[in-house]
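Asker: Dropping the structure in here first, questions after.
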Amino acid sequence: MSLLLRTLSLARSQCPRTVAKIQCPRSLSTLLSKPATRSFRSLLLAVGVGVTAVATLSQTVHLDAATSPDDTVVDPATSIAFPKTLTVPAKTNIPPLSLVGLGVRTVSFIGLKVYSVGFYADLQNPNFHVPKDMSPEEKVQYIIRNTACVIRIIPTRSTGFTHLRDAFMRSLQSRLALAKKNGTMTEELEYAISSPMRKLRSIFPNSPLGKHTPFDIYLAAPVAGRPRALVFRDMGSIEDDWVATEFVLHYFEGEGPSPPLKASVLENLKEFSK
């Protein structure tokens, strides 16, 4: 009996060390070095020439090809990592997108870091050519207007989709007002974009976006005879040339929502040519 009690006592003394080792939380850097698995619902993308093909994104996909810290770039303001390449999963062939730049979005009057944002683009698109003598500002506008892009938002803390929606709508309204002032917005065009603007407002759920959860907004490459698609992950798509293109362009108008993002992108495009 005494031998049995000593055996049980020894087993109990060893057990906590084993449990503590199993339950020990992984560090953020370890988590970010693993392939990230994201959930997508089926979305419609405008693809092909003269036709609309349904590009159904798989329910569970590996978005990021990064498998080590060497394959990521870290935002110094938030320590949030972004993969250097991003793969958009679809039945159609969408080439990997390259990280062009990143930065933090800060609420200036209180200095709160809201989210980190990365800008990705298909820089291997054979259908466009970027001369080296273009200014960085001209290059980013040309890239947005002529190839597939992604805006990836990663919040520093849990936030509401409705907060993002309201900020997006304010930005598009500002773009609309600027277009009217510049004389590039006709009454016919303003009427035409009213429906996609309403749809954009309606697709956002009244639910939170968790801390460090990527939220991807995909701008499809232009296709002759089809409106460009702006696809919001897990929500749906807006198919309108003006809304889709201006949504991404607003990140580089003036200081943009994130001055560090704009500065990063323009710096990285200084020597880029194709």
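By order of appearance in the structure tokens: chains A, B, ..., then residues from 1 within every chain, and ligands from 1 in the order shown.
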If you take only C-alpha atoms and a cut-off of 7 Å, which residues of segment 166-268 of chain A touch segment 132-156 of chain A, and what are their nearest atom pairs and distances in Å to one decimal, in chain and number order, as CSV?
Answerer:
residue,atom,partner,partner_atom,distance
A:Lys211,CA,A:Pro155,CA,5.4
A:His212,CA,A:Ile154,CA,5.3
A:Thr213,CA,A:Ile154,CA,5.6
A:Pro214,CA,A:Ile154,CA,4.6
A:Phe215,CA,A:Ile153,CA,5.1
A:Asp216,CA,A:Arg152,CA,4.5
A:Ile217,CA,A:Ile151,CA,5.1
A:Tyr218,CA,A:Val150,CA,4.5
A:Leu219,CA,A:Cys149,CA,5.1
A:Ala220,CA,A:Ala148,CA,4.8
A:Ala221,CA,A:Ala148,CA,4.1
A:Pro222,CA,A:Asn146,CA,6.3
A:Thr245,CA,A:Arg145,CA,6.6
A:Leu249,CA,A:Gln141,CA,7.0
A:Leu266,CA,A:Pro136,CA,5.1
Asker: Include all heavy atoms and write out the residues we just selected as a short mmCIF file (atom, residue, chain, number, x, y, z; two decimals), in the first residue's frame.
Answerer:
data_model
loop_
_atom_site.label_atom_id
_atom_site.label_comp_id
_atom_site.auth_asym_id
_atom_site.auth_seq_id
_atom_site.Cartn_x
_atom_site.Cartn_y
_atom_site.Cartn_z
N LYS A 211 -9.74 41.27 -33.07
CA LYS A 211 -8.35 41.74 -33.02
C LYS A 211 -7.45 40.84 -33.86
O LYS A 211 -7.54 39.62 -33.79
CB LYS A 211 -7.88 41.76 -31.57
CG LYS A 211 -6.42 42.14 -31.37
CD LYS A 211 -6.07 42.09 -29.89
CE LYS A 211 -4.60 42.42 -29.65
NZ LYS A 211 -4.26 42.38 -28.20
N HIS A 212 -6.62 41.46 -34.70
CA HIS A 212 -5.63 40.77 -35.54
C HIS A 212 -6.28 39.83 -36.57
O HIS A 212 -5.61 38.93 -37.07
CB HIS A 212 -4.63 40.00 -34.69
CG HIS A 212 -3.73 40.88 -33.87
ND1 HIS A 212 -2.90 40.41 -32.88
CD2 HIS A 212 -3.53 42.23 -33.91
CE1 HIS A 212 -2.24 41.42 -32.33
NE2 HIS A 212 -2.61 42.54 -32.95
N THR A 213 -7.57 40.05 -36.88
CA THR A 213 -8.25 39.25 -37.91
C THR A 213 -8.18 39.99 -39.24
O THR A 213 -8.74 41.07 -39.37
CB THR A 213 -9.72 39.01 -37.54
OG1 THR A 213 -9.78 38.33 -36.28
CG2 THR A 213 -10.42 38.17 -38.60
N PRO A 214 -7.52 39.43 -40.26
CA PRO A 214 -7.43 40.13 -41.55
C PRO A 214 -8.79 40.28 -42.21
O PRO A 214 -9.61 39.37 -42.20
CB PRO A 214 -6.51 39.23 -42.38
CG PRO A 214 -5.76 38.42 -41.38
CD PRO A 214 -6.71 38.20 -40.24
N PHE A 215 -9.00 41.45 -42.77
CA PHE A 215 -10.20 41.73 -43.57
C PHE A 215 -9.72 42.20 -44.94
O PHE A 215 -9.08 43.25 -45.06
CB PHE A 215 -11.05 42.80 -42.89
CG PHE A 215 -12.27 43.22 -43.68
CD1 PHE A 215 -13.14 42.27 -44.19
CD2 PHE A 215 -12.55 44.56 -43.90
CE1 PHE A 215 -14.26 42.64 -44.91
CE2 PHE A 215 -13.66 44.95 -44.62
CZ PHE A 215 -14.53 43.99 -45.13
N ASP A 216 -10.01 41.42 -45.97
CA ASP A 216 -9.48 41.67 -47.31
C ASP A 216 -10.56 42.24 -48.23
O ASP A 216 -11.69 41.76 -48.26
CB ASP A 216 -8.92 40.39 -47.92
CG ASP A 216 -7.74 39.84 -47.14
OD1 ASP A 216 -6.90 40.62 -46.69
OD2 ASP A 216 -7.69 38.60 -46.97
N ILE A 217 -10.17 43.25 -49.00
CA ILE A 217 -11.04 43.88 -49.99
C ILE A 217 -10.33 43.75 -51.33
O ILE A 217 -9.26 44.34 -51.53
CB ILE A 217 -11.32 45.34 -49.63
CG1 ILE A 217 -11.89 45.44 -48.20
CG2 ILE A 217 -12.28 45.97 -50.63
CD1 ILE A 217 -11.76 46.80 -47.57
N TYR A 218 -10.91 42.98 -52.22
CA TYR A 218 -10.26 42.63 -53.49
C TYR A 218 -10.86 43.44 -54.63
O TYR A 218 -12.07 43.44 -54.86
CB TYR A 218 -10.46 41.14 -53.75
CG TYR A 218 -10.01 40.67 -55.12
CD1 TYR A 218 -8.65 40.60 -55.43
CD2 TYR A 218 -10.93 40.30 -56.09
CE1 TYR A 218 -8.23 40.17 -56.69
CE2 TYR A 218 -10.52 39.86 -57.34
CZ TYR A 218 -9.18 39.80 -57.63
OH TYR A 218 -8.77 39.37 -58.87
N LEU A 219 -10.00 44.14 -55.37
CA LEU A 219 -10.39 44.87 -56.57
C LEU A 219 -9.98 44.05 -57.77
O LEU A 219 -8.78 43.85 -58.03
CB LEU A 219 -9.72 46.25 -56.61
CG LEU A 219 -9.93 47.08 -57.88
CD1 LEU A 219 -11.41 47.43 -58.07
CD2 LEU A 219 -9.09 48.36 -57.84
N ALA A 220 -10.97 43.55 -58.52
CA ALA A 220 -10.67 42.71 -59.67
C ALA A 220 -10.01 43.52 -60.78
O ALA A 220 -10.24 44.73 -60.91
CB ALA A 220 -11.95 42.05 -60.19
N ALA A 221 -9.20 42.85 -61.57
CA ALA A 221 -8.59 43.50 -62.72
C ALA A 221 -9.68 43.91 -63.72
O ALA A 221 -10.71 43.25 -63.83
CB ALA A 221 -7.60 42.56 -63.40
N PRO A 222 -9.48 45.02 -64.42
CA PRO A 222 -10.50 45.44 -65.40
C PRO A 222 -10.64 44.44 -66.54
O PRO A 222 -9.65 43.85 -66.98
CB PRO A 222 -9.97 46.79 -65.90
CG PRO A 222 -8.50 46.78 -65.60
CD PRO A 222 -8.33 45.94 -64.38
N THR A 245 -13.06 51.44 -58.24
CA THR A 245 -11.76 52.08 -58.42
C THR A 245 -11.53 53.20 -57.42
O THR A 245 -10.45 53.29 -56.81
CB THR A 245 -11.63 52.61 -59.85
OG1 THR A 245 -11.90 51.56 -60.77
CG2 THR A 245 -10.23 53.15 -60.11
N LEU A 249 -8.52 54.06 -54.66
CA LEU A 249 -7.77 55.29 -54.87
C LEU A 249 -7.80 56.22 -53.66
O LEU A 249 -6.84 56.96 -53.42
CB LEU A 249 -8.33 56.04 -56.09
CG LEU A 249 -7.95 55.50 -57.46
CD1 LEU A 249 -8.73 56.26 -58.55
CD2 LEU A 249 -6.45 55.62 -57.72
N LEU A 266 4.57 54.79 -51.96
CA LEU A 266 5.25 55.70 -52.89
C LEU A 266 6.76 55.48 -52.85
O LEU A 266 7.42 55.53 -53.90
CB LEU A 266 4.91 57.15 -52.55
CG LEU A 266 3.44 57.55 -52.71
CD1 LEU A 266 3.25 59.04 -52.44
CD2 LEU A 266 2.90 57.19 -54.09
#
Asker: I'd like to know which residues of segment 77-174 of chain A are strand (DSSP E) (by DSSP, run on the backbone); could you write them as JSON, numbers by chain?
Answerer: {"A": [81, 82, 83, 85, 86, 97, 98, 99, 100, 101, 102, 103, 104, 105, 106, 107, 112, 113, 114, 115, 116, 117, 118, 119, 120, 121, 149, 150, 151, 152, 153, 154, 155, 159, 160]}
Asker: Applying 12 Å and only C-alpha atoms, which residues near Arg198 of chain A remain after dropping the ones on its own chain fewer than 2 positions away? List them as a PyMOL selection string.
Answerer: chain A and resi 165+169+172-173+191-196+200-204+238+243
Asker: Leaving out Lys274 of chain A and any residue of its chain fewer than 2 positions from it, which residues lie within 10 Å of it when counting only C-alpha atoms, given as a ChimeraX atom specification?
Answerer: /A:123-126,128-132,272
Asker: Could you turn the residues from that selection into a file that holds N, CA, C and O atoms, as a CSV table (one decimal), in the first residue's frame?
Answerer:
chain,number,residue,atom,x,y,z
A,123,LEU,N,1.6,42.8,-59.8
A,123,LEU,CA,2.6,43.6,-60.5
A,123,LEU,C,3.2,42.8,-61.7
A,123,LEU,O,4.0,43.3,-62.5
A,124,GLN,N,2.7,41.5,-61.9
A,124,GLN,CA,3.2,40.7,-63.0
A,124,GLN,C,2.2,40.7,-64.1
A,124,GLN,O,2.4,40.0,-65.1
A,125,ASN,N,1.1,41.5,-64.0
A,125,ASN,CA,0.1,41.6,-65.0
A,125,ASN,C,0.8,41.9,-66.4
A,125,ASN,O,1.4,43.0,-66.5
A,126,PRO,N,0.6,41.1,-67.4
A,126,PRO,CA,1.2,41.3,-68.7
A,126,PRO,C,0.6,42.4,-69.5
A,126,PRO,O,1.1,42.8,-70.5
A,128,PHE,N,-0.1,45.6,-68.6
A,128,PHE,CA,0.2,46.9,-68.3
A,128,PHE,C,1.7,47.1,-68.2
A,128,PHE,O,2.4,46.2,-67.8
A,129,HIS,N,2.1,48.3,-68.5
A,129,HIS,CA,3.6,48.7,-68.5
A,129,HIS,C,3.8,50.0,-67.7
A,129,HIS,O,3.1,51.0,-68.0
A,130,VAL,N,4.7,50.0,-66.8
A,130,VAL,CA,4.9,51.2,-65.9
A,130,VAL,C,6.3,51.7,-66.2
A,130,VAL,O,7.3,51.2,-65.8
A,131,PRO,N,6.3,52.9,-67.0
A,131,PRO,CA,7.6,53.5,-67.2
A,131,PRO,C,8.3,54.0,-66.0
A,131,PRO,O,7.6,54.4,-65.0
A,132,LYS,N,9.6,53.9,-65.9
A,132,LYS,CA,10.4,54.3,-64.8
A,132,LYS,C,10.3,55.8,-64.5
A,132,LYS,O,10.4,56.3,-63.4
A,272,PHE,N,10.4,51.3,-59.3
A,272,PHE,CA,9.6,50.2,-59.9
A,272,PHE,C,9.3,50.6,-61.4
A,272,PHE,O,8.9,51.8,-61.6
Asker: One number please: atom CA of Ala244 of chain A to atom CA of Lys199 of chain A, in Å, one decimal.
Answerer: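 Atom-to-atom, atom CA of Ala244 of chain A and atom CA of Lys199 of chain A are spaced 12.3 Å apart.
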